[in-house]
>>> print(open('run_5.pdb').read())   # PDB, C-alpha atoms and all ligand atoms
ATOM      1  CA  MET A   1     -17.448 -16.109 -10.006
ATOM      2  CA  THR A   2     -16.489 -19.622  -8.935
ATOM      3  CA  GLU A   3     -14.543 -20.470  -5.793
ATOM      4  CA  GLU A   4     -11.420 -21.350  -7.877
ATOM      5  CA  ASN A   5     -11.101 -17.992  -9.641
ATOM      6  CA  LYS A   6     -12.107 -15.780  -6.705
ATOM      7  CA  PHE A   7     -10.143 -12.538  -6.809
ATOM      8  CA  GLU A   8      -7.286 -12.347  -4.317
ATOM      9  CA  PRO A   9      -5.702  -8.876  -4.211
ATOM     10  CA  ARG A  10      -1.957  -8.376  -4.415
ATOM     11  CA  ILE A  11      -0.894  -5.864  -1.780
ATOM     12  CA  VAL A  12       2.544  -4.260  -1.682
ATOM     13  CA  ALA A  13       3.504  -2.847   1.726
ATOM     14  CA  PHE A  14       6.293  -0.269   1.906
ATOM     15  CA  LEU A  15       7.415  -0.407   5.538
ATOM     16  CA  CYS A  16       9.995   1.540   7.465
ATOM     17  CA  ASN A  17      12.655  -0.708   8.927
ATOM     18  CA  TRP A  18      12.498   0.688  12.454
ATOM     19  CA  CYS A  19       8.831   0.581  13.382
ATOM     20  CA  THR A  20       6.271  -1.062  11.119
ATOM     21  CA  TYR A  21       8.588  -3.745   9.782
ATOM     22  CA  ALA A  22       9.466  -4.643  13.368
ATOM     23  CA  GLY A  23       5.746  -4.603  14.251
ATOM     24  CA  ALA A  24       4.998  -6.988  11.377
ATOM     25  CA  ASP A  25       7.879  -9.166  12.523
ATOM     26  CA  LEU A  26       6.456  -9.148  16.049
ATOM     27  CA  ALA A  27       3.113 -10.349  14.664
ATOM     28  CA  GLY A  28       4.953 -13.180  12.922
ATOM     29  CA  THR A  29       6.982 -14.232  15.945
ATOM     30  CA  GLY A  30       3.791 -13.989  18.031
ATOM     31  CA  ARG A  31       2.157 -16.386  15.540
ATOM     32  CA  LYS A  32      -0.647 -13.945  14.821
ATOM     33  CA  GLU A  33      -2.472 -14.804  11.612
ATOM     34  CA  TYR A  34      -3.214 -12.347   8.856
ATOM     35  CA  GLN A  35      -4.158 -12.601   5.208
ATOM     36  CA  ALA A  36      -1.266 -13.754   3.044
ATOM     37  CA  ASN A  37      -1.873 -11.252   0.222
ATOM     38  CA  VAL A  38       0.884  -8.871   1.249
ATOM     39  CA  ARG A  39       4.431  -8.555  -0.118
ATOM     40  CA  VAL A  40       6.630  -6.410   2.110
ATOM     41  CA  ILE A  41       9.288  -4.009   0.880
ATOM     42  CA  LYS A  42      11.461  -2.817   3.766
ATOM     43  CA  LEU A  43      12.926   0.684   3.487
ATOM     44  CA  PRO A  44      14.935   2.784   5.952
ATOM     45  CA  CYS A  45      12.192   5.405   6.421
ATOM     46  CA  THR A  46       8.835   6.418   4.929
ATOM     47  CA  GLY A  47      10.381   9.819   4.210
ATOM     48  CA  GLY A  48      12.431   8.215   1.434
ATOM     49  CA  ILE A  49       9.490   6.682  -0.410
ATOM     50  CA  ASP A  50       9.236   8.279  -3.813
ATOM     51  CA  PRO A  51       5.635   8.395  -5.108
ATOM     52  CA  LEU A  52       6.956   6.780  -8.284
ATOM     53  CA  PHE A  53       7.635   3.603  -6.226
ATOM     54  CA  LEU A  54       3.878   3.358  -5.713
ATOM     55  CA  ILE A  55       3.068   3.899  -9.378
ATOM     56  CA  LYS A  56       5.681   1.282 -10.276
ATOM     57  CA  ALA A  57       4.047  -1.210  -7.903
ATOM     58  CA  PHE A  58       0.709  -0.699  -9.673
ATOM     59  CA  GLU A  59       2.434  -1.059 -13.020
ATOM     60  CA  ARG A  60       3.917  -4.386 -11.860
ATOM     61  CA  GLY A  61       0.550  -5.807 -10.850
ATOM     62  CA  ALA A  62      -0.289  -4.544  -7.350
ATOM     63  CA  ASP A  63      -3.980  -4.054  -6.633
ATOM     64  CA  GLY A  64      -3.354  -2.064  -3.460
ATOM     65  CA  ILE A  65      -0.561  -0.487  -1.433
ATOM     66  CA  LEU A  66       0.139   0.178   2.224
ATOM     67  CA  VAL A  67       2.734   2.711   3.324
ATOM     68  CA  SER A  68       3.488   2.486   7.017
ATOM     69  CA  GLY A  69       6.108   3.875   9.335
ATOM     70  CA  CYS A  70       6.862   5.234  12.774
ATOM     71  CA  HIS A  71       4.342   7.258  14.741
ATOM     72  CA  PRO A  72       4.716  11.057  14.644
ATOM     73  CA  GLY A  73       7.638  11.996  16.867
ATOM     74  CA  ASP A  74       9.209   8.518  16.665
ATOM     75  CA  CYS A  75      10.894   8.656  13.240
ATOM     76  CA  HIS A  76      14.515   7.537  13.521
ATOM     77  CA  TYR A  77      15.460  10.286  11.070
ATOM     78  CA  ASN A  78      13.516  12.918  13.045
ATOM     79  CA  SER A  79      10.978  14.083  10.467
ATOM     80  CA  GLY A  80      10.861  11.548   7.618
ATOM     81  CA  ASN A  81       7.335  10.456   8.492
ATOM     82  CA  TYR A  82       6.158  14.078   8.504
ATOM     83  CA  HIS A  83       7.575  14.503   5.004
ATOM     84  CA  ALA A  84       5.811  11.301   3.958
ATOM     85  CA  ARG A  85       2.505  12.514   5.369
ATOM     86  CA  ARG A  86       2.823  15.863   3.577
ATOM     87  CA  ARG A  87       3.731  14.104   0.351
ATOM     88  CA  TRP A  88       0.665  11.851   0.724
ATOM     89  CA  ASN A  89      -1.624  14.871   1.119
ATOM     90  CA  VAL A  90      -0.420  16.124  -2.268
ATOM     91  CA  TYR A  91      -0.312  12.702  -3.869
ATOM     92  CA  LYS A  92      -3.857  11.627  -2.986
ATOM     93  CA  PRO A  93      -5.666  14.232  -5.136
ATOM     94  CA  LEU A  94      -3.196  13.490  -7.926
ATOM     95  CA  LEU A  95      -4.240   9.818  -7.838
ATOM     96  CA  GLU A  96      -7.876  10.822  -8.094
ATOM     97  CA  PHE A  97      -7.016  13.131 -10.990
ATOM     98  CA  CYS A  98      -5.312  10.190 -12.727
ATOM     99  CA  GLY A  99      -8.428   8.045 -12.249
ATOM    100  CA  ILE A 100      -7.008   5.779  -9.525
ATOM    101  CA  ASN A 101      -9.234   5.215  -6.519
ATOM    102  CA  PRO A 102      -7.208   6.596  -3.558
ATOM    103  CA  ASP A 103      -8.595   3.812  -1.342
ATOM    104  CA  ARG A 104      -6.116   1.549  -3.120
ATOM    105  CA  ILE A 105      -3.327   3.233  -1.154
ATOM    106  CA  GLN A 106      -3.437   3.495   2.602
ATOM    107  CA  PHE A 107      -1.059   5.142   5.029
ATOM    108  CA  SER A 108      -0.575   4.189   8.672
ATOM    109  CA  TRP A 109       1.676   4.523  11.689
ATOM    110  CA  ILE A 110       2.556   1.230  13.395
ATOM    111  CA  SER A 111       5.263   0.908  16.032
ATOM    112  CA  ALA A 112       7.574  -2.028  16.709
ATOM    113  CA  ALA A 113       5.364  -2.969  19.682
ATOM    114  CA  GLU A 114       2.116  -3.015  17.697
ATOM    115  CA  GLY A 115       1.956  -6.466  16.140
ATOM    116  CA  ALA A 116      -1.797  -6.593  16.697
ATOM    117  CA  LYS A 117      -2.243  -3.249  14.929
ATOM    118  CA  TRP A 118      -0.257  -4.585  11.965
ATOM    119  CA  VAL A 119      -2.618  -7.558  11.707
ATOM    120  CA  GLU A 120      -5.693  -5.341  11.940
ATOM    121  CA  THR A 121      -4.310  -2.831   9.408
ATOM    122  CA  ILE A 122      -3.165  -5.283   6.761
ATOM    123  CA  ASN A 123      -6.384  -7.297   7.018
ATOM    124  CA  GLY A 124      -8.311  -4.047   6.555
ATOM    125  CA  VAL A 125      -6.262  -3.115   3.476
ATOM    126  CA  VAL A 126      -6.773  -6.557   1.926
ATOM    127  CA  ASP A 127     -10.538  -6.449   2.579
ATOM    128  CA  THR A 128     -10.867  -2.925   1.166
ATOM    129  CA  VAL A 129      -8.950  -3.750  -1.999
ATOM    130  CA  ARG A 130     -10.744  -7.070  -2.420
ATOM    131  CA  ALA A 131     -14.030  -5.114  -2.424
ATOM    132  CA  LEU A 132     -12.628  -2.679  -5.031
ATOM    133  CA  GLY A 133     -11.651  -5.540  -7.334
ATOM    134  CA  PRO A 134      -8.527  -5.940  -9.460
ATOM    135  CA  PHE A 135      -6.587  -2.871 -10.598
ATOM    136  CA  GLU A 136      -6.438  -3.314 -14.339
ATOM    137  CA  ASN A 137      -5.777   0.193 -15.655
ATOM    138  CA  TYR A 138      -2.130  -0.512 -16.510
ATOM    139  CA  GLN A 139      -2.944  -3.727 -18.328
ATOM    140  CA  LYS A 140      -5.552  -1.792 -20.327
ATOM    141  CA  LEU A 141      -3.015   0.946 -21.119
ATOM    142  CA  ASN A 142      -0.588  -1.682 -22.420
ATOM    143  CA  THR A 143      -3.206  -2.828 -24.904
ATOM    144  CA  ILE A 144      -4.311   0.668 -25.843
ATOM    145  CA  GLY A 145      -3.263   0.128 -29.451
ATOM    146  CA  SER A 146      -5.906  -2.532 -29.863
ATOM    147  CA  ASP A 147      -8.390  -1.506 -27.186
ATOM    148  CA  THR A 148      -9.336   2.052 -26.176
ATOM    149  CA  SER A 149     -11.673   1.179 -23.314
ATOM    150  CA  VAL A 150      -9.518   2.609 -20.501
ATOM    151  CA  SER A 151     -11.769   4.119 -17.865
ATOM    152  CA  SER A 152     -11.442   5.883 -14.583
ATOM    153  CA  GLU A 153     -12.199   4.230 -11.227
ATOM    154  CA  THR A 154     -13.159   7.526  -9.691
ATOM    155  CA  GLY A 155     -15.907   8.442 -12.125
TER     156      GLY A 155
HETATM  157 FE1  LIG B 201      10.303   5.024  10.514
HETATM  158 FE2  LIG B 201      11.188   7.389   9.545
HETATM  159  S1  LIG B 201      12.332   5.813  10.485
HETATM  160  S2  LIG B 201       9.208   6.541   9.434
END
>>> encode(input="run_5.pdb", output="structure tokens")
Amino acid sequence: MTEENKFEPRIVAFLCNWCTYAGADLAGTGRKEYQANVRVIKLPCTGGIDPLFLIKAFERGADGILVSGCHPGDCHYNSGNYHARRRWNVYKPLLEFCGINPDRIQFSWISAAEGAKWVETINGVVDTVRALGPFENYQKLNTIGSDTSVSSETG
């Protein structure tokens, strides 16, 4: 692979408005550098993130996803992050069942004061997904009429 066509992953980050988004903003205002592969979608709370949002992001070309919100006990809607964590525990095996490597989706807690943690987390997500390579299952499904070589990432 040449330097010009080196794979750069597209990461979609679903962030709660109150904690992680503010933490990412703090990193920006603090002029901390992180990899520019991320596109942020700001939502009121991780508790409102429908798993279909994540599937839709993959369908639209994401190679990896980060979901991040307030630390346990800090959710501005009391228990939204607990609901999100429970949902993730159910969703992860479902991803594996569908043949999607669960390492393509990561979940974290980052507060408004943790700009450095945002930088470390998003760089880690980008590096992990870069190592996994592009997520092409949806593109393959769209050409299933002419090509039946859809395979699982999880074996
Ligand atoms: Fe941040 Fe609920 S308000 S996770």
>>> resolve_selection(input="run_5.pdb", expression="the PyMOL selection byres (((chain A and resi 19-26) around 6) and not hetatm)", output="PyMOL selection string")
chain A and resi 15-18+27-30+69-70+110-115+118
>>> atom_distance(input="run_5.pdb", atom1="atom CA of A:Thr128", atom2="atom CA of A:Glu8")
11.5 Å
>>> atom_distance(input="run_5.pdb", atom1="atom CA of A:Ala57", atom2="atom S2 of ligand LIG 201 (chain B)")
19.7 Å
>>> closest_residue(input="run_5.pdb", among="A:Asp50, A:Glu59, A:Glu33, A:Asp74", to="ligand LIG 201 (chain B)", atoms="all atoms listed in the file")
A:Asp74
>>> resolve_selection(input="run_5.pdb", expression="the PyMOL selection byres (((chain A and resi 85) around 12) and not hetatm)", output="ChimeraX atom specification")
/A:46-49,51,67-72,79-84,86-92,106-109
>>> atom_distance(input="run_5.pdb", atom1="atom CA of A:Val12", atom2="atom CA of A:Cys98")
19.8 Å
>>> closest_residue(input="run_5.pdb", among="A:Phe97, A:Tyr138, A:Tyr34, A:Phe7", to="A:Val125", atoms="all atoms listed in the file")
A:Tyr34
>>> resolve_selection(input="run_5.pdb", expression="the PyMOL selection byres (((chain A and resi 36) around 12) and not hetatm)", output="PDB file with C-alpha atoms, in the coordinates of the input")
ATOM      1  CA  GLU A   8      -7.286 -12.347  -4.317  1.00  0.00           C
ATOM      2  CA  PRO A   9      -5.702  -8.876  -4.211  1.00  0.00           C
ATOM      3  CA  ARG A  10      -1.957  -8.376  -4.415  1.00  0.00           C
ATOM      4  CA  ILE A  11      -0.894  -5.864  -1.780  1.00  0.00           C
ATOM      5  CA  VAL A  12       2.544  -4.260  -1.682  1.00  0.00           C
ATOM      6  CA  ALA A  13       3.504  -2.847   1.726  1.00  0.00           C
ATOM      7  CA  GLY A  28       4.953 -13.180  12.922  1.00  0.00           C
ATOM      8  CA  LYS A  32      -0.647 -13.945  14.821  1.00  0.00           C
ATOM      9  CA  GLU A  33      -2.472 -14.804  11.612  1.00  0.00           C
ATOM     10  CA  TYR A  34      -3.214 -12.347   8.856  1.00  0.00           C
ATOM     11  CA  GLN A  35      -4.158 -12.601   5.208  1.00  0.00           C
ATOM     12  CA  ASN A  37      -1.873 -11.252   0.222  1.00  0.00           C
ATOM     13  CA  VAL A  38       0.884  -8.871   1.249  1.00  0.00           C
ATOM     14  CA  ARG A  39       4.431  -8.555  -0.118  1.00  0.00           C
ATOM     15  CA  VAL A  40       6.630  -6.410   2.110  1.00  0.00           C
ATOM     16  CA  VAL A 119      -2.618  -7.558  11.707  1.00  0.00           C
ATOM     17  CA  ILE A 122      -3.165  -5.283   6.761  1.00  0.00           C
ATOM     18  CA  ASN A 123      -6.384  -7.297   7.018  1.00  0.00           C
ATOM     19  CA  VAL A 125      -6.262  -3.115   3.476  1.00  0.00           C
ATOM     20  CA  VAL A 126      -6.773  -6.557   1.926  1.00  0.00           C
ATOM     21  CA  ASP A 127     -10.538  -6.449   2.579  1.00  0.00           C
TER      22      ASP A 127
END
>>> axis_aligned_box(input="run_5.pdb", around="ligand LIG 201 (chain B)", padding_each_side="3 Å", output="AutoDock Vina command-line options")
--center_x 10.8 --center_y 6.2 --center_z 10.0 --size_x 9.1 --size_y 8.4 --size_z 7.1
>>> closest_residue(input="run_5.pdb", among="A:Ile100, A:Leu54, A:Cys75, A:Cys45", to="A:Glu136", atoms="all atoms listed in the file")
A:Ile100
>>> closest_residue(input="run_5.pdb", among="A:Lys117, A:His76, A:Arg31, A:Lys56", to="ligand LIG 201 (chain B)", atoms="all atoms listed in the file")
A:His76
>>> build_atoms(input="run_5.pdb", residues="stretch 13-47 of chain A", atoms="N, CA and C atoms", output="PDB file, keeping the file's coordinate frame")
ATOM      1  N   ALA A  13       3.380  -3.679   0.524  1.00  0.00           N
ATOM      2  CA  ALA A  13       3.504  -2.847   1.726  1.00  0.00           C
ATOM      3  C   ALA A  13       4.918  -2.280   1.796  1.00  0.00           C
ATOM      4  N   PHE A  14       5.008  -0.962   1.739  1.00  0.00           N
ATOM      5  CA  PHE A  14       6.293  -0.269   1.906  1.00  0.00           C
ATOM      6  C   PHE A  14       6.401   0.088   3.391  1.00  0.00           C
ATOM      7  N   LEU A  15       7.323  -0.569   4.081  1.00  0.00           N
ATOM      8  CA  LEU A  15       7.415  -0.407   5.538  1.00  0.00           C
ATOM      9  C   LEU A  15       8.761   0.165   5.947  1.00  0.00           C
ATOM     10  N   CYS A  16       8.722   1.054   6.923  1.00  0.00           N
ATOM     11  CA  CYS A  16       9.995   1.540   7.465  1.00  0.00           C
ATOM     12  C   CYS A  16      10.600   0.428   8.330  1.00  0.00           C
ATOM     13  N   ASN A  17      11.899   0.344   8.250  1.00  0.00           N
ATOM     14  CA  ASN A  17      12.655  -0.708   8.927  1.00  0.00           C
ATOM     15  C   ASN A  17      12.486  -0.681  10.438  1.00  0.00           C
ATOM     16  N   TRP A  18      12.363   0.524  11.002  1.00  0.00           N
ATOM     17  CA  TRP A  18      12.498   0.688  12.454  1.00  0.00           C
ATOM     18  C   TRP A  18      11.222   0.438  13.231  1.00  0.00           C
ATOM     19  N   CYS A  19      10.083   0.722  12.620  1.00  0.00           N
ATOM     20  CA  CYS A  19       8.831   0.581  13.382  1.00  0.00           C
ATOM     21  C   CYS A  19       7.903  -0.469  12.777  1.00  0.00           C
ATOM     22  N   THR A  20       7.303  -0.154  11.627  1.00  0.00           N
ATOM     23  CA  THR A  20       6.271  -1.062  11.119  1.00  0.00           C
ATOM     24  C   THR A  20       6.833  -2.419  10.733  1.00  0.00           C
ATOM     25  N   TYR A  21       8.023  -2.436  10.135  1.00  0.00           N
ATOM     26  CA  TYR A  21       8.588  -3.745   9.782  1.00  0.00           C
ATOM     27  C   TYR A  21       8.778  -4.583  11.051  1.00  0.00           C
ATOM     28  N   ALA A  22       9.276  -3.927  12.099  1.00  0.00           N
ATOM     29  CA  ALA A  22       9.466  -4.643  13.368  1.00  0.00           C
ATOM     30  C   ALA A  22       8.119  -5.068  13.960  1.00  0.00           C
ATOM     31  N   GLY A  23       7.091  -4.240  13.783  1.00  0.00           N
ATOM     32  CA  GLY A  23       5.746  -4.603  14.251  1.00  0.00           C
ATOM     33  C   GLY A  23       5.207  -5.818  13.498  1.00  0.00           C
ATOM     34  N   ALA A  24       5.432  -5.838  12.176  1.00  0.00           N
ATOM     35  CA  ALA A  24       4.998  -6.988  11.377  1.00  0.00           C
ATOM     36  C   ALA A  24       5.769  -8.240  11.791  1.00  0.00           C
ATOM     37  N   ASP A  25       7.049  -8.046  12.069  1.00  0.00           N
ATOM     38  CA  ASP A  25       7.879  -9.166  12.523  1.00  0.00           C
ATOM     39  C   ASP A  25       7.380  -9.689  13.872  1.00  0.00           C
ATOM     40  N   LEU A  26       6.996  -8.761  14.740  1.00  0.00           N
ATOM     41  CA  LEU A  26       6.456  -9.148  16.049  1.00  0.00           C
ATOM     42  C   LEU A  26       5.179  -9.988  15.877  1.00  0.00           C
ATOM     43  N   ALA A  27       4.330  -9.567  14.925  1.00  0.00           N
ATOM     44  CA  ALA A  27       3.113 -10.349  14.664  1.00  0.00           C
ATOM     45  C   ALA A  27       3.485 -11.766  14.234  1.00  0.00           C
ATOM     46  N   GLY A  28       4.518 -11.863  13.391  1.00  0.00           N
ATOM     47  CA  GLY A  28       4.953 -13.180  12.922  1.00  0.00           C
ATOM     48  C   GLY A  28       5.512 -14.035  14.038  1.00  0.00           C
ATOM     49  N   THR A  29       6.394 -13.444  14.856  1.00  0.00           N
ATOM     50  CA  THR A  29       6.982 -14.232  15.945  1.00  0.00           C
ATOM     51  C   THR A  29       5.935 -14.561  17.015  1.00  0.00           C
ATOM     52  N   GLY A  30       4.894 -13.717  17.104  1.00  0.00           N
ATOM     53  CA  GLY A  30       3.791 -13.989  18.031  1.00  0.00           C
ATOM     54  C   GLY A  30       2.751 -14.932  17.443  1.00  0.00           C
ATOM     55  N   ARG A  31       3.036 -15.437  16.239  1.00  0.00           N
ATOM     56  CA  ARG A  31       2.157 -16.386  15.540  1.00  0.00           C
ATOM     57  C   ARG A  31       0.746 -15.855  15.335  1.00  0.00           C
ATOM     58  N   LYS A  32       0.660 -14.532  15.143  1.00  0.00           N
ATOM     59  CA  LYS A  32      -0.647 -13.945  14.821  1.00  0.00           C
ATOM     60  C   LYS A  32      -0.912 -14.180  13.334  1.00  0.00           C
ATOM     61  N   GLU A  33      -2.127 -14.510  13.008  1.00  0.00           N
ATOM     62  CA  GLU A  33      -2.472 -14.804  11.612  1.00  0.00           C
ATOM     63  C   GLU A  33      -3.030 -13.570  10.931  1.00  0.00           C
ATOM     64  N   TYR A  34      -2.600 -13.386   9.688  1.00  0.00           N
ATOM     65  CA  TYR A  34      -3.214 -12.347   8.856  1.00  0.00           C
ATOM     66  C   TYR A  34      -3.218 -12.838   7.419  1.00  0.00           C
ATOM     67  N   GLN A  35      -3.983 -12.152   6.583  1.00  0.00           N
ATOM     68  CA  GLN A  35      -4.158 -12.601   5.208  1.00  0.00           C
ATOM     69  C   GLN A  35      -2.811 -12.555   4.474  1.00  0.00           C
ATOM     70  N   ALA A  36      -2.581 -13.568   3.663  1.00  0.00           N
ATOM     71  CA  ALA A  36      -1.266 -13.754   3.044  1.00  0.00           C
ATOM     72  C   ALA A  36      -1.129 -13.019   1.710  1.00  0.00           C
ATOM     73  N   ASN A  37      -1.880 -11.955   1.509  1.00  0.00           N
ATOM     74  CA  ASN A  37      -1.873 -11.252   0.222  1.00  0.00           C
ATOM     75  C   ASN A  37      -0.783 -10.198   0.136  1.00  0.00           C
ATOM     76  N   VAL A  38      -0.047 -10.003   1.202  1.00  0.00           N
ATOM     77  CA  VAL A  38       0.884  -8.871   1.249  1.00  0.00           C
ATOM     78  C   VAL A  38       2.319  -9.288   0.912  1.00  0.00           C
ATOM     79  N   ARG A  39       3.002  -8.428   0.151  1.00  0.00           N
ATOM     80  CA  ARG A  39       4.431  -8.555  -0.118  1.00  0.00           C
ATOM     81  C   ARG A  39       5.091  -7.312   0.457  1.00  0.00           C
ATOM     82  N   VAL A  40       6.021  -7.517   1.372  1.00  0.00           N
ATOM     83  CA  VAL A  40       6.630  -6.410   2.110  1.00  0.00           C
ATOM     84  C   VAL A  40       7.909  -5.937   1.432  1.00  0.00           C
ATOM     85  N   ILE A  41       8.034  -4.622   1.314  1.00  0.00           N
ATOM     86  CA  ILE A  41       9.288  -4.009   0.880  1.00  0.00           C
ATOM     87  C   ILE A  41       9.767  -3.138   2.035  1.00  0.00           C
ATOM     88  N   LYS A  42      10.924  -3.505   2.585  1.00  0.00           N
ATOM     89  CA  LYS A  42      11.461  -2.817   3.766  1.00  0.00           C
ATOM     90  C   LYS A  42      12.377  -1.682   3.316  1.00  0.00           C
ATOM     91  N   LEU A  43      12.126  -0.494   3.831  1.00  0.00           N
ATOM     92  CA  LEU A  43      12.926   0.684   3.487  1.00  0.00           C
ATOM     93  C   LEU A  43      13.383   1.366   4.774  1.00  0.00           C
ATOM     94  N   PRO A  44      14.443   2.164   4.721  1.00  0.00           N
ATOM     95  CA  PRO A  44      14.935   2.784   5.952  1.00  0.00           C
ATOM     96  C   PRO A  44      13.921   3.699   6.636  1.00  0.00           C
ATOM     97  N   CYS A  45      13.095   4.404   5.836  1.00  0.00           N
ATOM     98  CA  CYS A  45      12.192   5.405   6.421  1.00  0.00           C
ATOM     99  C   CYS A  45      11.114   5.758   5.406  1.00  0.00           C
ATOM    100  N   THR A  46       9.901   6.041   5.873  1.00  0.00           N
ATOM    101  CA  THR A  46       8.835   6.418   4.929  1.00  0.00           C
ATOM    102  C   THR A  46       9.161   7.731   4.218  1.00  0.00           C
ATOM    103  N   GLY A  47      10.011   8.545   4.835  1.00  0.00           N
ATOM    104  CA  GLY A  47      10.381   9.819   4.210  1.00  0.00           C
ATOM    105  C   GLY A  47      11.119   9.636   2.895  1.00  0.00           C
TER     106      GLY A  47
END
